[in-house]
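Source file: input-v9.pdb (PDB, C-alpha atoms, pLDDT in the B column)
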```
ATOM      1  CA  MET F   1     -50.179  10.794 -10.931  1.00 49.00           C
ATOM      2  CA  PHE F   2     -47.810   8.457 -12.785  1.00 52.00           C
ATOM      3  CA  PHE F   3     -44.977   6.559 -11.154  1.00 54.00           C
ATOM      4  CA  THR F   4     -42.380   6.205 -13.882  1.00 62.00           C
ATOM      5  CA  THR F   5     -39.406   5.270 -11.708  1.00 76.00           C
ATOM      6  CA  GLY F   6     -41.019   2.645  -9.511  1.00 84.00           C
ATOM      7  CA  ASN F   7     -42.802  -0.656  -9.853  1.00 86.00           C
ATOM      8  CA  PRO F   8     -46.576  -0.380  -9.296  1.00 88.00           C
ATOM      9  CA  ASP F   9     -47.327  -4.119  -9.593  1.00 90.00           C
ATOM     10  CA  ARG F  10     -47.797  -4.979  -5.906  1.00 91.00           C
ATOM     11  CA  PHE F  11     -49.740  -1.806  -5.194  1.00 89.00           C
ATOM     12  CA  CYS F  12     -51.993  -2.524  -8.180  1.00 90.00           C
ATOM     13  CA  ASP F  13     -52.623  -6.013  -6.790  1.00 93.00           C
ATOM     14  CA  HIS F  14     -53.850  -4.470  -3.520  1.00 92.00           C
ATOM     15  CA  VAL F  15     -56.024  -1.938  -5.351  1.00 90.00           C
ATOM     16  CA  PHE F  16     -57.526  -4.700  -7.508  1.00 93.00           C
ATOM     17  CA  ARG F  17     -58.216  -6.871  -4.443  1.00 92.00           C
ATOM     18  CA  THR F  18     -60.031  -3.977  -2.808  1.00 92.00           C
ATOM     19  CA  PHE F  19     -62.230  -3.238  -5.824  1.00 92.00           C
ATOM     20  CA  ASP F  20     -62.949  -6.942  -6.481  1.00 94.00           C
ATOM     21  CA  ALA F  21     -65.608  -6.995  -3.760  1.00 91.00           C
ATOM     22  CA  ASP F  22     -66.850 -10.523  -4.487  1.00 93.00           C
ATOM     23  CA  ASN F  23     -63.287 -11.937  -4.741  1.00 92.00           C
ATOM     24  CA  ASN F  24     -63.934 -13.657  -8.065  1.00 96.00           C
ATOM     25  CA  GLY F  25     -60.755 -12.370  -9.717  1.00 96.00           C
ATOM     26  CA  HIS F  26     -62.625  -9.991 -12.022  1.00 96.00           C
ATOM     27  CA  ILE F  27     -63.871  -6.429 -11.803  1.00 96.00           C
ATOM     28  CA  ASP F  28     -67.471  -6.529 -13.005  1.00 96.00           C
ATOM     29  CA  PHE F  29     -69.380  -3.455 -14.149  1.00 96.00           C
ATOM     30  CA  LYS F  30     -70.849  -2.708 -10.719  1.00 95.00           C
ATOM     31  CA  GLU F  31     -67.406  -2.942  -9.087  1.00 94.00           C
ATOM     32  CA  PHE F  32     -66.005  -0.766 -11.881  1.00 93.00           C
ATOM     33  CA  LEU F  33     -68.625   1.908 -11.231  1.00 93.00           C
ATOM     34  CA  LEU F  34     -67.894   1.789  -7.512  1.00 89.00           C
ATOM     35  CA  ALA F  35     -64.173   2.174  -8.265  1.00 89.00           C
ATOM     36  CA  ILE F  36     -64.833   5.230 -10.404  1.00 90.00           C
ATOM     37  CA  GLY F  37     -67.071   6.658  -7.711  1.00 87.00           C
ATOM     38  CA  VAL F  38     -64.482   6.234  -4.973  1.00 82.00           C
ATOM     39  CA  THR F  39     -61.519   7.496  -6.952  1.00 79.00           C
ATOM     40  CA  SER F  40     -63.363  10.539  -8.283  1.00 82.00           C
ATOM     41  CA  SER F  41     -65.159  11.322  -5.028  1.00 73.00           C
ATOM     42  CA  SER F  42     -64.623  14.771  -3.621  1.00 69.00           C
ATOM     43  CA  SER F  43     -65.178  13.319  -0.159  1.00 79.00           C
ATOM     44  CA  SER F  44     -61.920  12.702   1.682  1.00 81.00           C
ATOM     45  CA  GLU F  45     -63.778  10.462   4.105  1.00 85.00           C
ATOM     46  CA  GLU F  46     -65.010   8.164   1.312  1.00 86.00           C
ATOM     47  CA  ARG F  47     -61.492   7.846  -0.117  1.00 86.00           C
ATOM     48  CA  LEU F  48     -60.155   7.116   3.367  1.00 90.00           C
ATOM     49  CA  LYS F  49     -62.792   4.430   3.963  1.00 92.00           C
ATOM     50  CA  TRP F  50     -61.726   2.816   0.706  1.00 90.00           C
ATOM     51  CA  ALA F  51     -58.062   3.050   1.761  1.00 91.00           C
ATOM     52  CA  PHE F  52     -58.968   1.371   5.069  1.00 95.00           C
ATOM     53  CA  ARG F  53     -60.466  -1.554   3.149  1.00 94.00           C
ATOM     54  CA  MET F  54     -57.277  -1.824   1.102  1.00 92.00           C
ATOM     55  CA  TYR F  55     -55.085  -1.930   4.223  1.00 94.00           C
ATOM     56  CA  ASP F  56     -57.395  -4.464   5.899  1.00 96.00           C
ATOM     57  CA  ILE F  57     -55.992  -7.346   3.850  1.00 96.00           C
ATOM     58  CA  ASN F  58     -57.604 -10.132   5.900  1.00 95.00           C
ATOM     59  CA  LYS F  59     -60.951  -8.275   5.937  1.00 94.00           C
ATOM     60  CA  ASP F  60     -61.501  -8.554   9.684  1.00 97.00           C
ATOM     61  CA  GLY F  61     -62.454  -4.887  10.078  1.00 97.00           C
ATOM     62  CA  ARG F  62     -59.132  -3.858  11.632  1.00 98.00           C
ATOM     63  CA  ILE F  63     -55.705  -3.024  10.263  1.00 97.00           C
ATOM     64  CA  GLU F  64     -52.854  -4.950  11.844  1.00 98.00           C
ATOM     65  CA  GLU F  65     -49.273  -3.703  11.708  1.00 97.00           C
ATOM     66  CA  LYS F  66     -48.207  -6.516   9.357  1.00 97.00           C
ATOM     67  CA  GLU F  67     -50.983  -5.540   6.933  1.00 97.00           C
ATOM     68  CA  MET F  68     -49.909  -1.908   6.908  1.00 95.00           C
ATOM     69  CA  VAL F  69     -46.263  -2.888   6.356  1.00 96.00           C
ATOM     70  CA  LYS F  70     -47.282  -4.805   3.209  1.00 95.00           C
ATOM     71  CA  ILE F  71     -49.193  -1.863   1.745  1.00 92.00           C
ATOM     72  CA  ILE F  72     -46.486   0.669   2.602  1.00 91.00           C
ATOM     73  CA  GLN F  73     -43.881  -1.633   1.018  1.00 91.00           C
ATOM     74  CA  ALA F  74     -46.000  -1.675  -2.140  1.00 91.00           C
ATOM     75  CA  LEU F  75     -46.344   2.124  -2.024  1.00 88.00           C
ATOM     76  CA  TYR F  76     -42.584   2.586  -1.654  1.00 88.00           C
ATOM     77  CA  GLU F  77     -41.952   0.194  -4.566  1.00 89.00           C
ATOM     78  CA  MET F  78     -44.381   2.176  -6.678  1.00 86.00           C
ATOM     79  CA  LEU F  79     -42.724   5.492  -5.785  1.00 82.00           C
ATOM     80  CA  GLY F  80     -39.333   4.110  -6.761  1.00 83.00           C
ATOM     81  CA  PRO F  81     -35.817   4.480  -5.399  1.00 79.00           C
ATOM     82  CA  GLY F  82     -35.002   7.706  -3.619  1.00 74.00           C
ATOM     83  CA  ALA F  83     -38.638   8.617  -2.961  1.00 70.00           C
ATOM     84  CA  THR F  84     -38.194   8.088   0.775  1.00 73.00           C
ATOM     85  CA  ALA F  85     -35.298   8.486   3.172  1.00 70.00           C
ATOM     86  CA  GLU F  86     -33.265   5.310   3.612  1.00 70.00           C
ATOM     87  CA  GLU F  87     -34.109   5.139   7.315  1.00 71.00           C
ATOM     88  CA  ASP F  88     -37.829   5.541   6.549  1.00 82.00           C
ATOM     89  CA  THR F  89     -38.535   1.837   6.134  1.00 90.00           C
ATOM     90  CA  PRO F  90     -42.075   0.463   5.822  1.00 91.00           C
ATOM     91  CA  GLU F  91     -41.677  -0.986   9.322  1.00 94.00           C
ATOM     92  CA  GLU F  92     -40.587   2.366  10.809  1.00 92.00           C
ATOM     93  CA  ARG F  93     -43.343   4.229   8.972  1.00 90.00           C
ATOM     94  CA  THR F  94     -45.887   1.707  10.275  1.00 93.00           C
ATOM     95  CA  LYS F  95     -44.647   2.167  13.855  1.00 94.00           C
ATOM     96  CA  LEU F  96     -45.042   5.927  13.466  1.00 91.00           C
ATOM     97  CA  VAL F  97     -48.553   5.579  12.058  1.00 92.00           C
ATOM     98  CA  PHE F  98     -49.619   3.234  14.843  1.00 95.00           C
ATOM     99  CA  SER F  99     -48.102   5.474  17.530  1.00 94.00           C
ATOM    100  CA  ARG F 100     -50.306   8.303  16.253  1.00 92.00           C
ATOM    101  CA  MET F 101     -53.488   6.392  15.427  1.00 95.00           C
ATOM    102  CA  ASP F 102     -53.808   3.361  17.711  1.00 96.00           C
ATOM    103  CA  LYS F 103     -55.582   5.185  20.527  1.00 95.00           C
ATOM    104  CA  ASP F 104     -56.482   2.082  22.549  1.00 96.00           C
ATOM    105  CA  GLY F 105     -53.013   0.540  22.101  1.00 96.00           C
ATOM    106  CA  ASP F 106     -54.301  -2.869  20.987  1.00 97.00           C
ATOM    107  CA  GLY F 107     -51.974  -3.094  17.972  1.00 96.00           C
ATOM    108  CA  ARG F 108     -54.843  -2.832  15.483  1.00 98.00           C
ATOM    109  CA  LEU F 109     -56.528   0.165  13.905  1.00 98.00           C
ATOM    110  CA  THR F 110     -60.288   0.422  13.753  1.00 98.00           C
ATOM    111  CA  LEU F 111     -61.942   2.325  10.943  1.00 97.00           C
ATOM    112  CA  GLN F 112     -62.630   5.199  13.337  1.00 97.00           C
ATOM    113  CA  GLU F 113     -59.007   5.353  14.544  1.00 97.00           C
ATOM    114  CA  PHE F 114     -57.822   5.346  10.922  1.00 95.00           C
ATOM    115  CA  LEU F 115     -60.276   8.065   9.875  1.00 94.00           C
ATOM    116  CA  ASP F 116     -59.549  10.249  12.900  1.00 93.00           C
ATOM    117  CA  GLY F 117     -55.791   9.913  12.432  1.00 91.00           C
ATOM    118  CA  CYS F 118     -55.912  10.686   8.716  1.00 90.00           C
ATOM    119  CA  LEU F 119     -58.305  13.600   9.053  1.00 87.00           C
ATOM    120  CA  GLN F 120     -56.019  15.159  11.688  1.00 87.00           C
ATOM    121  CA  ASP F 121     -52.861  14.717   9.593  1.00 82.00           C
ATOM    122  CA  ARG F 122     -53.457  15.399   5.886  1.00 81.00           C
ATOM    123  CA  LYS F 123     -49.861  14.651   4.884  1.00 79.00           C
ATOM    124  CA  LEU F 124     -50.079  11.251   6.540  1.00 79.00           C
ATOM    125  CA  ALA F 125     -53.426  10.645   4.847  1.00 81.00           C
ATOM    126  CA  ALA F 126     -51.911  11.538   1.475  1.00 80.00           C
ATOM    127  CA  LEU F 127     -49.076   9.073   2.026  1.00 77.00           C
ATOM    128  CA  LEU F 128     -51.375   6.284   3.189  1.00 77.00           C
ATOM    129  CA  THR F 129     -53.698   6.723   0.232  1.00 74.00           C
ATOM    130  CA  ALA F 130     -51.092   7.695  -2.414  1.00 68.00           C
ATOM    131  CA  ASN F 131     -53.286  10.724  -3.066  1.00 62.00           C
ATOM    132  CA  SER F 132     -51.825  14.215  -3.190  1.00 46.00           C
ATOM    133  CA  ALA F 133     -55.335  15.727  -3.295  1.00 45.00           C
ATOM    134  CA  LEU F 134     -55.807  14.873   0.389  1.00 41.00           C
ATOM    135  CA  GLN F 135     -53.062  17.315   1.376  1.00 41.00           C
ATOM    136  CA  ARG F 136     -55.338  20.241   0.538  1.00 39.00           C
TER     137      ARG F 136
END
```
How does the structure come out when it is put into structure tokens?
Amino acid sequence: MFFTTGNPDRFCDHVFRTFDADNNGHIDFKEFLLAIGVTSSSSSEERLKWAFRMYDINKDGRIEEKEMVKIIQALYEMLGPGATAEEDTPEERTKLVFSRMDKDGDGRLTLQEFLDGCLQDRKLAALLTANSALQR
């Protein structure tokens, strides 16, 4: 999938950060192989686990609303103008996601909450992972 009308820079930064497991600013061969494995995996759950790591910017094992807003902003920038309804802001989308997924109401998503929510709503999973294959 190519995004010719939008700006993928911020989203690419988040993807790079997620694949750069040792945080050294480079993707080494092992990290490269892991990236290929995740992106070509036929397992929706593996792709969703990777997406969880991307959303968990501070790497504390939970996704906070402010982290999700940043990733959704980057996704919307990548998709370009007109890809979403004007009232569908990253903040509103994040509120919707959390209302569906945050089962314990603590304002943070665990890996299990994220997986359960995405596996129950394939369209939401596709949006959150920028992956149309998850809609199947």
Using the chain letters and numbers from the file, give me the residues hit by the PyMOL selection byres ((chain F and resi 17-22) around 9), as a PDB file with C-alpha atoms, in the coordinates of the input.
```
ATOM      1  CA  CYS F  12     -51.993  -2.524  -8.180  1.00 90.00           C
ATOM      2  CA  ASP F  13     -52.623  -6.013  -6.790  1.00 93.00           C
ATOM      3  CA  HIS F  14     -53.850  -4.470  -3.520  1.00 92.00           C
ATOM      4  CA  VAL F  15     -56.024  -1.938  -5.351  1.00 90.00           C
ATOM      5  CA  PHE F  16     -57.526  -4.700  -7.508  1.00 93.00           C
ATOM      6  CA  ASN F  23     -63.287 -11.937  -4.741  1.00 92.00           C
ATOM      7  CA  ASN F  24     -63.934 -13.657  -8.065  1.00 96.00           C
ATOM      8  CA  GLY F  25     -60.755 -12.370  -9.717  1.00 96.00           C
ATOM      9  CA  HIS F  26     -62.625  -9.991 -12.022  1.00 96.00           C
ATOM     10  CA  ILE F  27     -63.871  -6.429 -11.803  1.00 96.00           C
ATOM     11  CA  ASP F  28     -67.471  -6.529 -13.005  1.00 96.00           C
ATOM     12  CA  GLU F  31     -67.406  -2.942  -9.087  1.00 94.00           C
ATOM     13  CA  PHE F  32     -66.005  -0.766 -11.881  1.00 93.00           C
ATOM     14  CA  LEU F  34     -67.894   1.789  -7.512  1.00 89.00           C
ATOM     15  CA  ALA F  35     -64.173   2.174  -8.265  1.00 89.00           C
ATOM     16  CA  TRP F  50     -61.726   2.816   0.706  1.00 90.00           C
ATOM     17  CA  ALA F  51     -58.062   3.050   1.761  1.00 91.00           C
ATOM     18  CA  ARG F  53     -60.466  -1.554   3.149  1.00 94.00           C
ATOM     19  CA  MET F  54     -57.277  -1.824   1.102  1.00 92.00           C
ATOM     20  CA  TYR F  55     -55.085  -1.930   4.223  1.00 94.00           C
ATOM     21  CA  ILE F  57     -55.992  -7.346   3.850  1.00 96.00           C
TER      22      ILE F  57
END
```
_Please expand the PyMOL selection byres ((chain F and resi 94) around 8) into the concrete residues it hits in this file, giving the result as number ranges by chain._
F: 65, 68-69, 72, 90-93, 95-98
*Name every residue that the PyMOL selection byres ((chain F and resi 9) around 12) selects in this structure, writing the answer as a PyMOL selection string with chains first and numbers rising.*
chain F and resi 3+6-8+10-16+71+73-80
*In Å, rounded to a single decimal, give me how far atom CA of F:Ala125 is from atom CA of F:Val38.*
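Here the two named atoms are 15.4 Å from each other.
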*Find the distance between atom CA of F:Ser99 and atom CA of F:Thr39 and write it in Å to one decimal.*
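Pair atom CA of F:Ser99 / atom CA of F:Thr39 returns 28.0 Å.
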_8 Å contact set for F:Leu48, all atoms listed in the file, chain neighbours under 5 positions out, as a ChimeraX atom specification_ = /F:115,118,125,129
_One decimal, in Å: what's the spacing between atom CA of F:Asp116 and atom CA of F:Met101?_
7.6 Å
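Minimum atom-to-atom distance to F:Asp121, evaluated using only C-alpha atoms, belongs to F:Arg100 out of F:Lys30, F:Arg100, F:Glu46, F:Glu87.
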*Shortest interatomic distance to F:Gly105 - which of F:Thr5, F:Leu119, F:Glu64, F:Ser41, counting only C-alpha atoms*: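 Ranking F:Thr5, F:Leu119, F:Glu64, F:Ser41 by distance to F:Gly105, first place goes to F:Glu64.
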